[in-house]
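Participant: For reference, this is input.tsv, and it has TSV, C-alpha atoms.
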```tsv
chain	number	residue	atom	x	y	z
A	557	MET	CA	-69.07	107.64	-16.10
A	558	ALA	CA	-68.98	104.97	-18.82
A	559	ALA	CA	-69.03	102.25	-16.15
A	560	MET	CA	-72.09	103.84	-14.51
A	561	ASP	CA	-73.88	104.07	-17.86
A	562	GLU	CA	-73.12	100.41	-18.57
A	563	GLU	CA	-74.41	99.42	-15.11
A	564	ARG	CA	-77.65	101.38	-15.64
A	565	GLY	CA	-78.03	99.76	-19.05
A	566	SER	CA	-77.50	96.34	-17.54
A	567	THR	CA	-80.19	97.03	-14.90
A	568	LYS	CA	-82.67	98.05	-17.61
A	569	ARG	CA	-81.90	94.93	-19.62
A	570	ASP	CA	-82.40	92.74	-16.53
A	571	ARG	CA	-85.75	94.42	-15.80
A	572	LEU	CA	-86.93	94.04	-19.39
A	573	ALA	CA	-85.78	90.43	-19.46
A	574	ARG	CA	-87.68	89.76	-16.23
A	575	MET	CA	-90.89	91.34	-17.57
A	576	THR	CA	-90.53	89.36	-20.80
A	577	ARG	CA	-90.26	86.19	-18.72
A	578	ILE	CA	-93.36	87.12	-16.71
A	579	LEU	CA	-95.29	87.64	-19.93
A	580	ALA	CA	-94.10	84.26	-21.22
A	581	LEU	CA	-95.19	82.61	-17.97
A	582	LEU	CA	-98.63	84.20	-18.06
A	583	ASN	CA	-99.04	83.25	-21.70
A	584	ALA	CA	-98.16	79.63	-20.82
A	585	HIS	CA	-100.75	79.61	-18.01
A	586	PRO	CA	-104.17	80.55	-19.44
A	587	ASP	CA	-105.75	80.15	-15.98
A	588	GLY	CA	-103.34	82.69	-14.51
A	589	MET	CA	-100.71	82.50	-11.79
A	590	LYS	CA	-100.34	83.84	-8.28
A	591	PRO	CA	-97.63	86.51	-7.87
A	592	ALA	CA	-95.81	84.25	-5.39
A	593	GLU	CA	-95.61	81.51	-8.03
A	594	ILE	CA	-94.33	84.00	-10.59
A	595	ALA	CA	-91.72	85.30	-8.14
A	596	ARG	CA	-90.37	81.81	-7.56
A	597	ARG	CA	-90.13	81.14	-11.30
A	598	VAL	CA	-88.31	84.39	-12.14
A	599	ASP	CA	-86.15	84.30	-9.00
A	600	SER	CA	-87.45	87.63	-7.67
A	601	SER	CA	-89.49	89.05	-4.80
A	602	VAL	CA	-93.30	89.21	-4.77
A	603	ARG	CA	-93.06	92.98	-4.39
A	604	THR	CA	-90.93	93.25	-7.53
A	605	VAL	CA	-93.38	91.01	-9.42
A	606	TYR	CA	-96.31	93.28	-8.52
A	607	ARG	CA	-94.30	96.27	-9.73
A	608	ASP	CA	-93.43	94.48	-12.97
A	609	LEU	CA	-97.06	93.51	-13.55
A	610	ARG	CA	-98.11	97.15	-13.26
A	611	SER	CA	-95.31	98.16	-15.64
A	612	ILE	CA	-96.37	95.49	-18.16
A	613	GLU	CA	-99.83	97.00	-18.17
A	614	GLY	CA	-98.76	100.66	-18.13
A	615	GLU	CA	-95.49	100.79	-20.06
A	616	LEU	CA	-95.89	97.82	-22.40
A	617	THR	CA	-99.68	98.27	-22.69
A	618	MET	CA	-100.26	94.53	-22.50
A	619	PRO	CA	-103.81	93.51	-21.50
A	620	LEU	CA	-103.59	91.72	-18.14
A	621	TRP	CA	-106.37	90.47	-15.89
A	622	SER	CA	-106.46	89.83	-12.15
A	623	GLU	CA	-109.05	87.68	-10.39
A	624	GLY	CA	-109.08	85.68	-7.18
A	625	GLY	CA	-105.43	86.46	-6.44
A	626	ARG	CA	-104.28	85.21	-9.86
A	627	TRP	CA	-102.92	87.26	-12.74
A	628	GLY	CA	-103.11	86.42	-16.41
A	629	VAL	CA	-102.68	87.87	-19.88
A	630	ASP	CA	-105.49	88.28	-22.41
A	631	ALA	CA	-105.57	85.26	-24.71
A	632	GLU	CA	-105.62	87.56	-27.76
A	633	ALA	CA	-102.40	89.33	-26.72
A	634	PHE	CA	-100.09	86.69	-28.23
A	635	LEU	CA	-100.03	84.66	-31.39
A	636	PRO	CA	-98.22	81.31	-31.38
A	637	PRO	CA	-94.69	82.04	-32.61
A	638	LEU	CA	-94.21	78.57	-34.10
A	639	LYS	CA	-96.00	75.31	-34.76
A	640	LEU	CA	-94.52	71.97	-33.75
A	641	THR	CA	-95.32	68.53	-35.04
A	642	ARG	CA	-96.22	65.95	-32.40
A	643	GLY	CA	-92.75	64.42	-32.74
A	644	GLU	CA	-91.10	67.83	-32.30
A	645	ALA	CA	-93.30	68.50	-29.27
A	646	MET	CA	-92.19	65.21	-27.72
A	647	ALA	CA	-88.58	66.26	-28.30
A	648	VAL	CA	-89.27	69.38	-26.22
A	649	VAL	CA	-90.76	67.27	-23.42
A	650	LEU	CA	-87.78	64.91	-23.40
A	651	SER	CA	-85.40	67.87	-23.41
A	652	ALA	CA	-87.15	69.34	-20.39
A	653	ARG	CA	-86.93	66.04	-18.55
A	654	LEU	CA	-83.27	65.70	-19.40
A	655	MET	CA	-82.67	69.25	-18.20
A	656	VAL	CA	-84.21	68.51	-14.80
A	657	ARG	CA	-82.17	65.34	-14.38
A	658	TYR	CA	-79.03	67.27	-15.33
A	659	ALA	CA	-79.55	70.44	-13.29
A	660	ASP	CA	-78.63	70.57	-9.61
A	661	LYS	CA	-79.55	74.26	-9.30
A	662	TYR	CA	-82.24	76.58	-10.62
A	663	ASP	CA	-81.31	78.76	-13.59
A	664	PRO	CA	-84.15	81.22	-14.36
A	665	ASP	CA	-82.92	81.84	-17.91
A	666	LEU	CA	-82.78	78.13	-18.70
A	667	ALA	CA	-86.29	77.61	-17.38
A	668	SER	CA	-87.56	80.61	-19.35
A	669	ALA	CA	-86.56	79.06	-22.67
A	670	PHE	CA	-88.65	75.97	-21.96
A	671	GLU	CA	-91.57	78.05	-20.70
A	672	LYS	CA	-91.73	79.78	-24.08
A	673	LEU	CA	-91.57	76.45	-25.91
A	674	ALA	CA	-94.17	74.91	-23.60
A	675	ALA	CA	-96.60	77.68	-24.53
A	676	VAL	CA	-97.07	76.18	-28.00
A	677	LEU	CA	-97.29	72.50	-26.97
A	678	PRO	CA	-100.47	70.42	-26.89
A	679	ALA	CA	-102.15	70.63	-23.49
A	680	ALA	CA	-101.06	67.21	-22.16
A	681	LEU	CA	-97.41	67.81	-23.05
A	682	ARG	CA	-97.51	71.41	-21.85
A	683	GLU	CA	-98.78	70.31	-18.43
A	684	HIS	CA	-95.97	67.77	-18.16
A	685	VAL	CA	-93.31	70.34	-19.07
A	686	ASP	CA	-94.89	72.77	-16.62
A	687	ARG	CA	-94.68	70.20	-13.81
A	688	THR	CA	-91.07	69.59	-14.76
A	689	LEU	CA	-90.23	73.28	-14.58
A	690	ASP	CA	-92.12	73.68	-11.32
A	691	ASP	CA	-89.94	70.91	-9.87
A	692	LEU	CA	-86.87	72.70	-11.18
A	693	SER	CA	-87.93	76.00	-9.60
A	694	ARG	CA	-87.79	74.41	-6.14
A	695	ARG	CA	-84.08	73.75	-6.46
A	696	PRO	CA	-81.60	76.13	-4.83
A	697	THR	CA	-80.51	79.22	-6.74
A	698	ASP	CA	-76.81	79.99	-7.04
A	699	GLU	CA	-76.80	83.71	-7.76
A	700	THR	CA	-73.03	83.87	-8.27
A	701	PHE	CA	-73.11	81.02	-10.78
A	702	ASN	CA	-76.05	82.57	-12.66
A	703	ARG	CA	-74.31	85.96	-12.81
A	704	HIS	CA	-71.11	84.38	-14.13
A	705	LEU	CA	-73.07	82.37	-16.70
A	706	ARG	CA	-74.88	85.48	-17.97
A	707	LEU	CA	-71.62	87.41	-18.31
A	708	LEU	CA	-69.92	84.52	-20.11
A	709	THR	CA	-72.92	84.10	-22.41
A	710	GLN	CA	-72.79	87.81	-23.23
A	711	ALA	CA	-69.05	87.58	-23.88
A	712	TRP	CA	-69.56	84.55	-26.12
A	713	ALA	CA	-72.38	86.23	-28.06
A	714	GLU	CA	-70.48	89.52	-28.47
A	715	ARG	CA	-67.05	87.89	-28.92
A	716	ARG	CA	-65.55	89.84	-26.05
A	717	ILE	CA	-62.52	88.78	-24.04
A	718	VAL	CA	-63.11	88.02	-20.36
A	719	VAL	CA	-60.79	88.12	-17.37
A	720	LEU	CA	-61.51	85.45	-14.78
A	721	ASP	CA	-60.18	84.11	-11.49
A	722	TYR	CA	-60.14	80.32	-11.52
A	723	THR	CA	-59.50	77.52	-9.05
A	724	PRO	CA	-58.66	74.29	-10.92
A	725	ALA	CA	-59.48	70.80	-9.66
A	726	PRO	CA	-56.93	69.36	-7.19
A	727	TYR	CA	-55.92	66.66	-9.71
A	728	ALA	CA	-55.33	69.15	-12.56
A	729	PRO	CA	-51.74	69.63	-13.78
A	730	GLU	CA	-51.96	73.33	-12.82
A	731	ALA	CA	-53.89	73.11	-9.56
A	732	ALA	CA	-52.99	76.54	-8.14
A	733	PRO	CA	-55.63	79.32	-8.36
A	734	ARG	CA	-54.85	81.75	-11.16
A	735	SER	CA	-56.16	84.57	-13.33
A	736	ALA	CA	-56.68	84.19	-17.08
A	737	ARG	CA	-57.63	86.25	-20.12
A	738	VAL	CA	-59.93	84.08	-22.20
A	739	ARG	CA	-61.66	84.27	-25.59
A	740	PRO	CA	-64.95	82.40	-25.02
A	741	TYR	CA	-65.55	79.98	-27.89
A	742	LEU	CA	-68.17	77.64	-26.41
A	743	ILE	CA	-70.26	76.95	-23.31
A	744	GLU	CA	-71.00	73.24	-23.06
A	745	PRO	CA	-72.89	71.04	-20.54
A	746	SER	CA	-71.37	67.79	-19.30
A	747	LEU	CA	-73.60	64.77	-18.76
A	748	GLN	CA	-70.80	63.12	-16.80
A	749	THR	CA	-70.31	65.84	-14.15
A	750	HIS	CA	-73.68	67.67	-14.33
A	751	ALA	CA	-71.78	70.93	-14.80
A	752	LEU	CA	-71.23	73.66	-17.39
A	753	TYR	CA	-67.87	74.36	-18.99
A	754	LEU	CA	-66.34	77.32	-20.78
A	755	ILE	CA	-64.08	76.35	-23.67
A	756	GLY	CA	-61.89	79.08	-25.08
A	757	TRP	CA	-58.48	80.38	-25.99
A	758	ASP	CA	-56.52	81.20	-22.82
A	759	GLU	CA	-54.29	84.13	-23.80
A	760	THR	CA	-52.43	83.74	-20.51
A	761	LYS	CA	-51.32	80.22	-21.48
A	762	ASP	CA	-51.45	80.77	-25.26
A	763	ALA	CA	-53.49	77.57	-25.61
A	764	MET	CA	-57.02	76.20	-25.70
A	765	ARG	CA	-58.34	75.53	-22.19
A	766	THR	CA	-61.48	74.16	-20.53
A	767	PHE	CA	-62.88	75.90	-17.42
A	768	LYS	CA	-65.59	74.46	-15.20
A	769	ILE	CA	-67.91	77.43	-14.60
A	770	GLU	CA	-68.63	76.34	-11.02
A	771	ARG	CA	-64.90	76.83	-10.28
A	772	ILE	CA	-64.76	80.39	-11.62
A	773	ARG	CA	-64.49	82.70	-8.61
A	774	ASP	CA	-64.89	85.99	-10.50
A	775	VAL	CA	-65.35	87.10	-14.09
A	776	ALA	CA	-65.28	90.50	-15.81
A	777	LEU	CA	-66.06	91.56	-19.36
A	778	THR	CA	-63.44	93.60	-21.17
A	779	PRO	CA	-64.17	96.02	-24.04
A	780	GLU	CA	-61.76	94.05	-26.25
A	781	SER	CA	-63.17	91.80	-28.96
A	782	PHE	CA	-61.70	88.82	-30.81
A	783	ALA	CA	-62.12	87.25	-34.22
A	784	ALA	CA	-64.28	84.19	-34.77
A	785	PRO	CA	-62.39	80.91	-34.11
A	786	ASP	CA	-61.45	78.78	-37.07
A	787	ALA	CA	-63.08	75.45	-37.90
A	788	GLU	CA	-60.55	73.57	-35.76
A	789	ILE	CA	-62.73	73.93	-32.67
A	790	ASP	CA	-65.39	71.64	-34.19
A	791	GLY	CA	-62.80	68.92	-34.76
A	792	MET	CA	-61.56	69.23	-31.18
A	793	PHE	CA	-64.72	67.66	-29.79
A	794	GLU	CA	-64.34	64.60	-31.96
A	795	ARG	CA	-61.41	63.74	-29.68
A	796	ALA	CA	-63.08	64.70	-26.40
A	797	TRP	CA	-64.69	61.93	-24.37
A	798	ASP	CA	-67.10	64.39	-22.77
A	799	ILE	CA	-65.93	68.01	-22.42
A	800	ILE	CA	-62.16	68.08	-22.11
A	801	ALA	CA	-60.70	68.53	-25.59
A	802	ASP	CA	-57.48	70.38	-24.83
A	803	GLN	CA	-55.35	67.35	-23.84
A	804	GLU	CA	-52.96	65.31	-25.97
A	805	PRO	CA	-54.68	62.41	-27.78
A	806	VAL	CA	-54.33	58.99	-26.18
A	807	ASP	CA	-54.96	55.59	-27.80
A	808	VAL	CA	-57.11	53.48	-25.46
A	809	VAL	CA	-57.62	49.74	-25.91
A	810	LEU	CA	-60.07	47.85	-23.66
A	811	ARG	CA	-61.30	44.28	-23.35
A	812	PHE	CA	-64.93	43.91	-22.29
A	813	ALA	CA	-66.17	40.63	-20.81
A	814	ALA	CA	-68.60	38.55	-22.88
A	815	ARG	CA	-71.38	39.11	-20.32
A	816	VAL	CA	-71.52	42.85	-21.14
A	817	ALA	CA	-70.72	42.62	-24.85
A	818	THR	CA	-74.31	43.23	-25.95
A	819	ARG	CA	-74.62	46.28	-23.71
A	820	VAL	CA	-71.39	47.76	-25.04
A	821	ARG	CA	-72.55	47.31	-28.64
A	822	GLU	CA	-75.91	48.99	-27.97
A	823	ALA	CA	-74.31	52.46	-27.99
A	824	ARG	CA	-71.61	54.27	-29.91
A	825	TRP	CA	-69.49	55.68	-27.12
A	826	HIS	CA	-66.99	57.73	-29.15
A	827	PRO	CA	-66.67	58.89	-32.78
A	828	THR	CA	-63.31	57.12	-33.17
A	829	GLU	CA	-64.23	53.80	-31.59
A	830	ALA	CA	-63.65	50.45	-33.29
A	831	VAL	CA	-65.03	47.23	-31.80
A	832	ALA	CA	-64.01	43.66	-32.58
A	833	GLU	CA	-65.59	40.48	-31.21
A	834	GLU	CA	-63.15	37.83	-29.96
A	835	PRO	CA	-63.65	34.03	-30.22
A	836	ASP	CA	-64.61	33.79	-26.51
A	837	GLY	CA	-67.38	36.41	-26.93
A	838	SER	CA	-65.43	39.26	-25.33
A	839	LEU	CA	-64.94	42.58	-27.14
A	840	THR	CA	-61.78	44.48	-27.95
A	841	TRP	CA	-62.66	48.20	-27.97
A	842	ARG	CA	-60.36	50.93	-29.32
A	843	ALA	CA	-60.60	54.72	-29.47
A	844	THR	CA	-58.39	57.81	-29.54
A	845	VAL	CA	-59.47	60.34	-26.93
A	846	ALA	CA	-58.23	63.69	-25.64
A	847	GLY	CA	-56.42	62.68	-22.46
A	848	PRO	CA	-57.40	59.88	-20.04
A	849	ILE	CA	-59.15	61.96	-17.33
A	850	GLU	CA	-62.75	61.59	-18.48
A	851	ILE	CA	-62.65	58.11	-20.00
A	852	ARG	CA	-61.09	56.85	-16.76
A	853	LEU	CA	-64.39	57.48	-14.92
A	854	TRP	CA	-66.34	55.62	-17.60
A	855	ILE	CA	-63.95	52.67	-17.41
A	856	LEU	CA	-64.31	52.48	-13.64
A	857	SER	CA	-68.10	52.43	-13.99
A	858	TRP	CA	-67.82	48.99	-15.66
A	859	GLY	CA	-66.13	47.46	-12.61
A	860	ASP	CA	-64.50	44.08	-13.31
A	861	ASP	CA	-66.28	43.71	-16.66
A	862	VAL	CA	-63.51	45.64	-18.43
A	863	GLU	CA	-59.73	45.41	-18.57
A	864	ILE	CA	-57.44	48.16	-19.87
A	865	LEU	CA	-54.90	46.82	-22.36
A	866	GLU	CA	-53.44	50.20	-23.36
A	867	PRO	CA	-52.03	52.63	-22.34
A	868	THR	CA	-49.96	51.16	-19.55
A	869	ALA	CA	-50.12	54.30	-17.38
A	870	LEU	CA	-53.92	54.28	-17.40
A	871	ARG	CA	-54.00	50.53	-16.72
A	872	ASP	CA	-51.71	50.97	-13.69
A	873	ASP	CA	-53.75	53.93	-12.41
A	874	VAL	CA	-57.08	52.09	-12.58
A	875	ALA	CA	-55.54	48.92	-11.11
A	876	ALA	CA	-54.27	50.95	-8.15
A	877	THR	CA	-57.75	52.44	-7.70
A	878	HIS	CA	-59.32	48.98	-7.57
A	879	ARG	CA	-56.70	47.84	-5.02
A	880	ARG	CA	-57.47	50.83	-2.79
A	881	ALA	CA	-61.21	50.13	-3.11
A	882	ALA	CA	-60.71	46.48	-2.18
A	883	ALA	CA	-58.63	47.48	0.85
A	884	ALA	CA	-61.28	49.98	1.94
A	885	TYR	CA	-64.01	47.35	1.86
A	886	GLY	CA	-61.90	44.69	3.57
A	887	PRO	CA	-63.50	41.43	4.67
A	888	PRO	CA	-67.30	41.07	4.46
A	889	LEU	CA	-69.22	42.69	7.34
A	890	GLY	CA	-69.66	40.35	10.30
A	891	ARG	CA	-66.80	38.12	9.22
A	892	PRO	CA	-63.58	39.05	11.05
A	893	THR	CA	-60.23	38.49	9.37
A	894	GLY	CA	-58.94	34.97	9.95
A	895	SER	CA	-62.32	33.43	10.83
A	896	GLY	CA	-63.23	30.10	9.34
A	897	ALA	CA	-65.90	29.50	6.72
```
Translate this file's structure into C-alpha cells.

Facilitator:
Amino acid sequence: MAAMDEERGSTKRDRLARMTRILALLNAHPDGMKPAEIARRVDSSVRTVYRDLRSIEGELTMPLWSEGGRWGVDAEAFLPPLKLTRGEAMAVVLSARLMVRYADKYDPDLASAFEKLAAVLPAALREHVDRTLDDLSRRPTDETFNRHLRLLTQAWAERRIVVLDYTPAPYAPEAAPRSARVRPYLIEPSLQTHALYLIGWDETKDAMRTFKIERIRDVALTPESFAAPDAEIDGMFERAWDIIADQEPVDVVLRFAARVATRVREARWHPTEAVAEEPDGSLTWRATVAGPIEIRLWILSWGDDVEILEPTALRDDVAATHRRAAAAYGPPLGRPTGSGA
C-alpha cells in the first residue's frame, strides 16, 4: 500500500513539474508556441500537452490564450523573478552554449532550468538561448538515463541511500558488474567524457567511489537516510584531474616542448601544479593527482610535445600506446614498405 501511495505521489509530482515547465515555456515565448513544439520541449505527447494546457487554465486558473494554433500565457500572469546585469545575462548565454556542446542527449529538466533563466534575459540574448535549447531538444532522449538521474537527484537532495546495479568500465580494477549501496554526496559533470558521475560513499566497499551514471543499469531509493558528509569531500576534488577523486594520489612530472610552452602557461590545469621554465625554453610541469587514469588522456592529447618523466609506470604505459599507434598507422599511404625515396 505504501509503495502504491508513493507511486501515485510520484505521478502527481511529475504532472505538476510538467505543467510548471509548460508555464515557463509559454512565459518565455510571448508570441506563443504550438502544442507540438511544447511537446518536444517537455518530452511528452501532443495529447498530454493539450490536457495539461486545459488543467493549467482550469486547476491552476492561469490566464492562457490560443490563437492561430499557438498557445500563450497572459503577459500579466508572471512577474520577473530576478533581474540580471548584462554581464550576468551573458554568463547565462555562455552556460547554455556550454551545455549544448557538453550534452549528447536531451534532458528536459536541464533545459527547463535555462528556459526559466532565459525568460528574464534581454531579447537578443533570450532569442540566442532559445535557439540553443531548440537545438538541444532535437537530440535523442534517453528515458532510462533521465529516470536514473531524477532518482539520484532526489536521493542526493533528501540524503537517502540508494541501491544500484553497476557495470564498471572494462579497464577498471573491479570490472565485473555488481550491486552497491551508496550514499549520494555529489552529482558532477565531466568535460572530458561528456558524462555525469555520482560520487558517494559505497557502503558495499566501505569507501568513496565514483559511478558513471550512464553505466548504472538500475537504481532504487531506500527509506534509509544518512548524515551530511564531512568537509573532506571538498578537498577530494583538489586532487582529482577531472572527476575521479577516489584513487591514491600520484606525483606526475612532465616535460613540455618549447613550441607549446606558451599554450601550457595560458591555463592552470590543476590546483597543485608547479611549472618551471628550462634554459632551452621547455617546461617542467608537476602536479599531484588522484590516480593516473584521467590525466593519461590529457597527456596523450599533446602528442609528441610532452614527455612523462614520472611516474615510471605511467611513462611506460603511454610509450606503449604510442608504439601501438605507430604500428597501426604503418608506412605512409601509397608508399609500400621497402620502397625507395

Participant: Name the closest residue to Phe782 in chain A among the candidates A:Met618, A:Ala875, A:Ile851, A:Val738; distances are taken between atoms, counting all atoms listed in the file.

Facilitator: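 Smallest separation from Phe782 in chain A among the options: A:Val738.
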
Participant: Within 9 Å of Glu794 in chain A, counting all atoms listed in the file, which residues qualify if same-chain residues fewer than 5 places away don't, as a list in words?

Facilitator: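 Those residues are Ala801, His826, Pro827, Thr828, Val845 and Ala846 of chain A.
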
Participant: Once you have the residues from the selection above, write them out as a compact mmCIF listing (two decimals), in the coordinates of the input, restricted to C-alpha atoms.

Facilitator:
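Output saved as out_18.txt:
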```txt
# COMPACT_ATOMS: atom_id res chain seq x y z
CA ALA A 801 -60.70 68.53 -25.59
CA HIS A 826 -66.99 57.73 -29.15
CA PRO A 827 -66.67 58.89 -32.78
CA THR A 828 -63.31 57.12 -33.17
CA VAL A 845 -59.47 60.34 -26.93
CA ALA A 846 -58.23 63.69 -25.64
```

Participant: Taking into account all atoms listed in the file, which residue in the set A:Arg821, A:Pro586, A:Phe812, A:Ala843 is nearest to Gly859 in chain A?

Facilitator: A:Phe812

Participant: Considering all atoms listed in the file, state which residue in the set A:Thr760, A:Gln710, A:Ser611, A:Ser600 is at the smallest distance from Tyr741 in chain A.

Facilitator: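 Of A:Thr760, A:Gln710, A:Ser611, A:Ser600, the one nearest Tyr741 in chain A is A:Gln710, counting all atoms listed in the file.
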
Participant: Please list as a ChimeraX atom specification every residue within 10 Å of Ala711 in chain A, counting all atoms listed in the file and excluding residues in the same chain fewer than 3 positions away.

Facilitator: /A:705-708,714-718,738-741,776-779,781

Participant: Which is closer to Glu770 in chain A than all the others in A:Leu620, A:Leu640, A:Ala884, A:Leu752, using all atoms listed in the file?

Facilitator: A:Leu752

Participant: Using only C-alpha atoms, find the one residue out of A:Pro805, A:Tyr658, A:Phe701, A:Ala580 that sits nearest to Pro745 in chain A.

Facilitator: A:Tyr658

Participant: Need to verify the contact set: Lys672 in chain A, 9 Å, all atoms listed in the file, exclusion of same-chain residues closer than 5 positions in sequence. Can you return it as a list in words?

Facilitator: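 Here the answer would be Arg577, Ala580, Leu581, Asn583, Ala584 and Ala667 of chain A.
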
Participant: I'd like the contact shell of Asp758 in chain A - 9 Å cut-off, all atoms listed in the file, skipping same-chain residues fewer than 3 positions apart - returned as a list in words.

Facilitator: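 So the residues in contact are Ala736, Arg737, Val738, Arg739, Pro740, Lys761, Asp762, Ala763, Met764, Arg765 and Thr766 of chain A.
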
Participant: Ranking A:Val605, A:Ile755, A:Val719, A:Leu692 by minimum distance to Glu780 in chain A and counting all atoms listed in the file, which one comes first?

Facilitator: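 Smallest distance to Glu780 in chain A is found for A:Val719.
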
Participant: Quick one: everything within 12 Å of Ala647 in chain A, counting all atoms listed in the file, minus sequence neighbours fewer than 6 positions away in the same chain. Send it as a ChimeraX atom specification.

Facilitator: /A:640-641,653-654,670,673-674,677,681,685

Participant: May I ask for the distance between CA of Gly886 in chain A and CA of Glu863 in chain A, given in Å to one decimal place?

Facilitator: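 We find that CA of Gly886 in chain A and CA of Glu863 in chain A lie 22.3 Å from each other.
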
Participant: Report, in Å to a single decimal, how far apart CA of Asp663 in chain A and CA of Ser622 in chain A are.

Facilitator: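 These two atoms are separated by 27.5 Å.
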
Participant: In Å, rounded to a single decimal, give me how far CA of Asp774 in chain A is from CA of Pro724 in chain A.

Facilitator: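 Rounded to one decimal, the two atoms are 13.3 Å apart.
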
Participant: Taking the point (-106.4, 89.6, -17.7) as given in the file, collect each protein or nucleic acid residue that comes within 9 Å of it, counting all atoms listed in the file, and present the set as a ChimeraX atom specification.

Facilitator: /A:588,619-623,627-631
